[in-house]
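*Asks:* Below is input-v4.txt; it holds compact mmCIF, C-alpha atoms.
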# COMPACT_ATOMS: atom_id res chain seq x y z
CA MET A 27 141.03 -51.96 52.62
CA SER A 28 139.48 -54.96 50.88
CA ASP A 29 140.75 -53.94 47.43
CA GLY A 30 144.29 -53.11 48.51
CA ALA A 31 146.01 -50.64 50.78
CA LEU A 32 146.34 -46.90 51.07
CA ILE A 33 149.51 -45.44 52.52
CA ALA A 34 149.10 -41.89 53.74
CA ASP A 35 151.94 -39.52 54.54
CA TRP A 36 150.14 -36.78 56.45
CA LYS A 37 153.22 -34.57 56.89
CA ARG A 38 153.76 -34.16 53.15
CA THR A 39 150.13 -34.82 52.14
CA ARG A 40 151.05 -37.73 49.92
CA PHE A 41 148.98 -40.80 49.28
CA LEU A 42 150.03 -44.04 47.65
CA GLY A 43 147.59 -46.80 46.73
CA MET A 44 148.53 -50.46 46.51
CA THR A 45 146.43 -53.19 44.93
CA ALA A 46 145.51 -56.31 46.87
CA ALA A 47 147.93 -58.29 44.69
CA ASP A 48 150.78 -55.93 45.64
CA VAL A 49 149.90 -56.23 49.33
CA ARG A 50 150.01 -60.06 49.01
CA LYS A 51 153.39 -59.80 47.22
CA LEU A 52 154.73 -57.62 50.01
CA ALA A 53 153.52 -60.00 52.71
CA GLU A 54 154.05 -63.39 51.08
CA GLY A 55 156.10 -62.86 47.93
CA SER A 56 159.64 -63.78 47.12
CA PRO A 57 162.48 -61.53 48.30
CA GLU A 58 162.85 -60.15 44.76
CA GLU A 59 159.15 -59.17 44.60
CA ARG A 60 159.33 -57.53 48.02
CA ALA A 61 162.51 -55.66 47.06
CA GLU A 62 160.81 -54.35 43.93
CA LEU A 63 157.80 -53.10 45.91
CA VAL A 64 160.00 -51.53 48.59
CA GLY A 65 161.89 -49.76 45.80
CA VAL A 66 158.59 -48.32 44.55
CA LEU A 67 157.76 -47.18 48.11
CA ARG A 68 161.19 -45.53 48.44
CA ARG A 69 160.81 -43.67 45.15
CA ALA A 70 157.36 -42.50 46.26
CA GLY A 71 158.84 -41.17 49.50
CA CYS A 72 156.89 -43.59 51.73
CA ALA A 73 159.93 -45.60 52.88
CA THR A 74 163.53 -44.76 53.65
CA ASP A 75 166.70 -46.60 52.69
CA ARG A 76 167.92 -47.11 56.22
CA ARG A 77 166.72 -46.87 59.76
CA THR A 78 167.87 -43.96 61.83
CA PRO A 79 169.46 -45.04 65.12
CA GLN A 80 168.03 -43.72 68.35
CA PRO A 81 170.03 -40.75 69.65
CA ASP A 82 171.61 -41.26 73.07
CA ALA A 83 169.40 -38.56 74.56
CA VAL A 84 166.29 -40.54 73.54
CA VAL A 85 167.74 -43.69 75.11
CA ALA A 86 168.37 -41.80 78.36
CA ILE A 87 164.83 -40.38 78.46
CA TRP A 88 163.22 -43.77 77.76
CA LEU A 89 165.42 -45.47 80.35
CA ARG A 90 164.50 -43.03 83.11
CA GLY A 91 160.82 -43.02 82.13
CA VAL A 92 160.61 -46.82 82.09
CA HIS A 93 162.39 -46.99 85.45
CA LEU A 94 159.93 -44.56 87.03
CA LEU A 95 157.00 -46.44 85.49
CA ILE A 96 158.25 -49.76 86.89
CA ARG A 97 158.71 -48.16 90.33
CA THR A 98 155.22 -46.65 90.37
CA ALA A 99 153.08 -49.18 88.46
CA GLY A 100 155.07 -52.37 89.00
CA PHE A 101 156.95 -54.63 86.61
CA GLY A 102 153.95 -56.85 85.84
CA ARG A 103 151.78 -53.91 84.75
CA VAL A 104 154.61 -52.54 82.62
CA LEU A 105 154.91 -55.91 80.86
CA ARG A 106 151.16 -55.84 80.13
CA MET A 107 151.51 -52.31 78.68
CA LEU A 108 154.27 -53.33 76.23
CA ALA A 109 151.76 -53.85 73.43
CA LEU A 110 151.04 -50.10 73.52
CA ALA A 111 154.63 -48.87 73.67
CA ALA A 112 156.26 -51.57 71.51
CA PRO A 113 153.98 -52.25 68.55
CA GLY A 114 154.06 -55.55 66.72
CA TYR A 115 154.75 -55.15 63.02
CA ALA A 116 153.73 -57.58 60.31
CA ARG A 117 157.39 -57.81 59.35
CA ALA A 118 160.10 -57.31 61.93
CA ASP A 119 163.60 -56.88 60.53
CA VAL A 120 166.62 -58.40 62.19
CA PRO A 121 168.88 -55.60 63.35
CA SER A 122 172.51 -55.63 62.40
CA ALA A 123 175.01 -56.55 65.10
CA ASP A 124 176.29 -52.95 65.01
CA GLU A 125 172.82 -51.51 65.72
CA ALA A 126 172.26 -53.86 68.64
CA ALA A 127 175.76 -53.27 70.03
CA ARG A 128 175.34 -49.49 69.80
CA LEU A 129 172.00 -49.66 71.63
CA LYS A 130 173.49 -51.99 74.26
CA GLN A 131 176.36 -49.55 74.86
CA ALA A 132 174.00 -46.56 75.07
CA VAL A 133 171.68 -48.32 77.53
CA ARG A 134 174.62 -49.49 79.65
CA THR A 135 176.22 -46.03 79.68
CA HIS A 136 173.06 -44.18 80.66
CA SER A 137 172.01 -46.80 83.19
CA ARG A 138 175.33 -46.91 85.02
CA GLY A 139 175.74 -43.14 84.87
CA SER A 140 172.31 -42.38 86.32
CA TRP A 141 171.78 -42.24 90.07
CA LEU A 142 168.09 -42.94 89.40
CA VAL A 143 168.40 -46.15 87.35
CA ASN A 144 171.83 -47.39 88.51
CA GLY A 145 172.01 -50.67 86.57
CA ASP A 146 168.44 -51.95 87.02
CA CYS A 147 168.10 -54.92 84.64
CA LYS A 148 164.32 -54.56 84.32
CA SER A 149 164.55 -50.96 83.16
CA GLU A 150 167.39 -51.73 80.75
CA ALA A 151 165.62 -54.75 79.23
CA VAL A 152 162.25 -53.03 78.77
CA THR A 153 163.90 -49.89 77.32
CA ALA A 154 165.91 -51.92 74.80
CA PHE A 155 162.81 -53.95 73.85
CA VAL A 156 160.65 -50.86 73.33
CA LEU A 157 163.27 -48.96 71.31
CA LEU A 158 164.01 -51.93 69.05
CA ARG A 159 160.31 -52.64 68.47
CA ARG A 160 159.48 -49.00 67.76
CA CYS A 161 162.07 -49.14 64.95
CA GLY A 162 160.41 -52.29 63.56
CA LEU A 163 163.21 -54.62 64.63
CA GLU A 164 163.02 -58.11 66.12
CA ALA A 165 163.45 -58.38 69.85
CA VAL A 166 162.53 -60.87 72.58
CA LEU A 167 162.19 -59.82 76.21
CA HIS A 168 163.10 -62.58 78.71
CA VAL A 169 162.54 -62.82 82.44
CA GLY A 170 164.65 -65.54 83.99
CA VAL A 171 165.16 -67.16 87.34
CA ARG A 172 168.06 -68.86 89.11
CA GLU A 173 167.44 -71.34 91.89
CA HIS A 174 170.56 -71.31 94.11
CA PRO A 175 170.81 -68.65 95.41
CA PHE A 176 167.40 -67.47 94.26
CA ALA A 177 167.48 -64.47 91.93
CA MET A 178 165.56 -63.06 88.98
CA HIS A 179 166.89 -61.23 85.95
CA ALA A 180 165.44 -59.56 82.83
CA TRP A 181 167.11 -59.12 79.44
CA THR A 182 166.25 -58.40 75.81
CA GLU A 183 167.69 -60.56 73.08
CA SER A 184 168.21 -59.21 69.57
CA ALA A 185 170.71 -59.95 66.80
CA GLY A 186 172.53 -62.44 69.02
CA LEU A 187 173.16 -59.85 71.75
CA CYS A 188 171.54 -59.60 75.17
CA ILE A 189 170.76 -56.20 76.69
CA PRO A 190 171.79 -56.29 79.56
CA ASP A 191 173.86 -59.49 79.63
CA ALA A 192 171.79 -62.67 80.03
CA ASP A 193 174.14 -64.09 82.65
CA PRO A 194 175.61 -61.30 84.75
CA ARG A 195 178.62 -62.29 86.83
CA GLY A 196 178.58 -65.77 85.25
CA HIS A 197 175.23 -66.87 86.72
CA ALA A 198 172.96 -68.83 84.40
CA PHE A 199 169.29 -67.84 84.40
CA THR A 200 166.51 -70.03 83.01
CA SER A 201 163.99 -68.03 81.01
CA VAL A 202 160.49 -68.43 82.51
CA LEU A 203 158.77 -65.69 80.49
CA SER A 204 159.48 -64.58 76.92
CA ILE A 205 157.71 -61.75 75.14
CA ASP A 206 158.33 -61.72 71.41
CA CYS A 207 157.78 -59.08 68.75
CA TRP A 208 153.98 -59.48 68.91
CA GLY A 209 153.82 -58.62 72.63
CA ARG A 210 152.78 -62.18 73.62
Would you encode the structure as structure tokens?
*Replies:*
Amino acid sequence: MSDGALIADWKRTRFLGMTAADVRKLAEGSPEERAELVGVLRRAGCATDRRTPQPDAVVAIWLRGVHLLIRTAGFGRVLRMLALAAPGYARADVPSADEAARLKQAVRTHSRGSWLVNGDCKSEAVTAFVLLRRCGLEAVLHVGVREHPFAMHAWTESAGLCIPDADPRGHAFTSVLSIDCWGR
């Protein structure tokens, strides 16, 4: 809205209006100003104190669904569809190392334990990217190549961790494609 913003919570039928000055403070203000506005949003019930981690069952469903989508539509088409499944937020938070490690472990467990996925790096990387972005967290999806012997690999980087590992079995891959939090 030109005069500010309207936040609507359709489940609880709540509405919260913000002036244009408050929207500017939230987007461009100092950390103290943003913290004050986020506190107001929390008290109004429009924001929560902490993010809820993805349950392992959700990780397993996304992993299998992404794998089937890559197998049927192709990896290139899936990368072009990331903007729909992994929205870009105006402000992407950096996840804690614990959040990223927990997601990495869940993806690894469900990938290795599934006869369908069975350690496919493309499925693991896209699943991690989508789940992190849907929570409003920073993530970068990389597709890399190695020359001798020729091989390709995909991984998602977030909070200093790579999901799956950026250099499996000690091989170094050079990133040739990176998709950041805006889906570029």
*Asks:* I'd like the contact shell of Ala154 in chain A - 8 Å cut-off, all atoms listed in the file, skipping same-chain residues fewer than 6 positions apart - returned as a list in words.
*Replies:*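 Neighbouring residues, sequence-local ones excluded: Leu129, Lys130, Val133, Thr182 and Ile189 of chain A.
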*Asks:* Residues near range 99-102 of chain A, anyone? I mean within 9 Å using all atoms listed in the file, not counting same-chain ones fewer than 5 positions away, as a PyMOL selection string.
*Replies:* chain A and resi 94+107+148
*Asks:* Work out how far apart CA of Ala86 in chain A and CA of Leu108 in chain A are and give it in Å to one decimal.
*Replies:*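 Distance between the two atoms: 18.3 Å.
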*Asks:* Closest to Ser201 in chain A among A:Gly186, A:Pro175, A:Gly170, A:Gly162, using only C-alpha atoms?
*Replies:*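 Counting only C-alpha atoms, the residue closest to Ser201 in chain A is A:Gly170.
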*Asks:* Measuring atom to atom with all atoms listed in the file, identify which of A:Gly65, A:Ala151, A:Arg128, A:Arg159 is nearest to Leu105 in chain A.
*Replies:* A:Ala151
*Asks:* Find the distance between CA of Arg103 in chain A and CA of Pro81 in chain A and write it in Å to one decimal.
*Replies:* 27.1 Å
*Asks:* In Å, how far is it from CA of His136 in chain A to CA of Ser122 in chain A?
*Replies:*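 Straight-line distance from CA of His136 in chain A to CA of Ser122 in chain A works out to 21.6 Å.
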*Asks:* For Met178 in chain A, work out the shell of residues within 10 Å, counting only C-alpha atoms and skipping chain neighbours fewer than 4 positions away, then give it as a list in words.
*Replies:* Cys147, Lys148, Val169, Gly170, Val171, Arg172, Glu173, Phe199, Thr200, Ser201 and Val202 of chain A
*Asks:* Using all atoms listed in the file, pick whichever of A:Leu63, A:Ala109, A:Leu89, A:Val120 has the shortest atom-to-atom distance to Lys51 in chain A.
*Replies:*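 That would be A:Leu63, the residue with the smallest distance to Lys51 in chain A.
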*Asks:* Considering all atoms listed in the file, state which residue in the set A:Val64, A:Ala46, A:Leu52, A:Leu95 is at the smallest distance from Ser149 in chain A.
*Replies:*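 Ranked by minimum distance to Ser149 in chain A, first place goes to A:Leu95.
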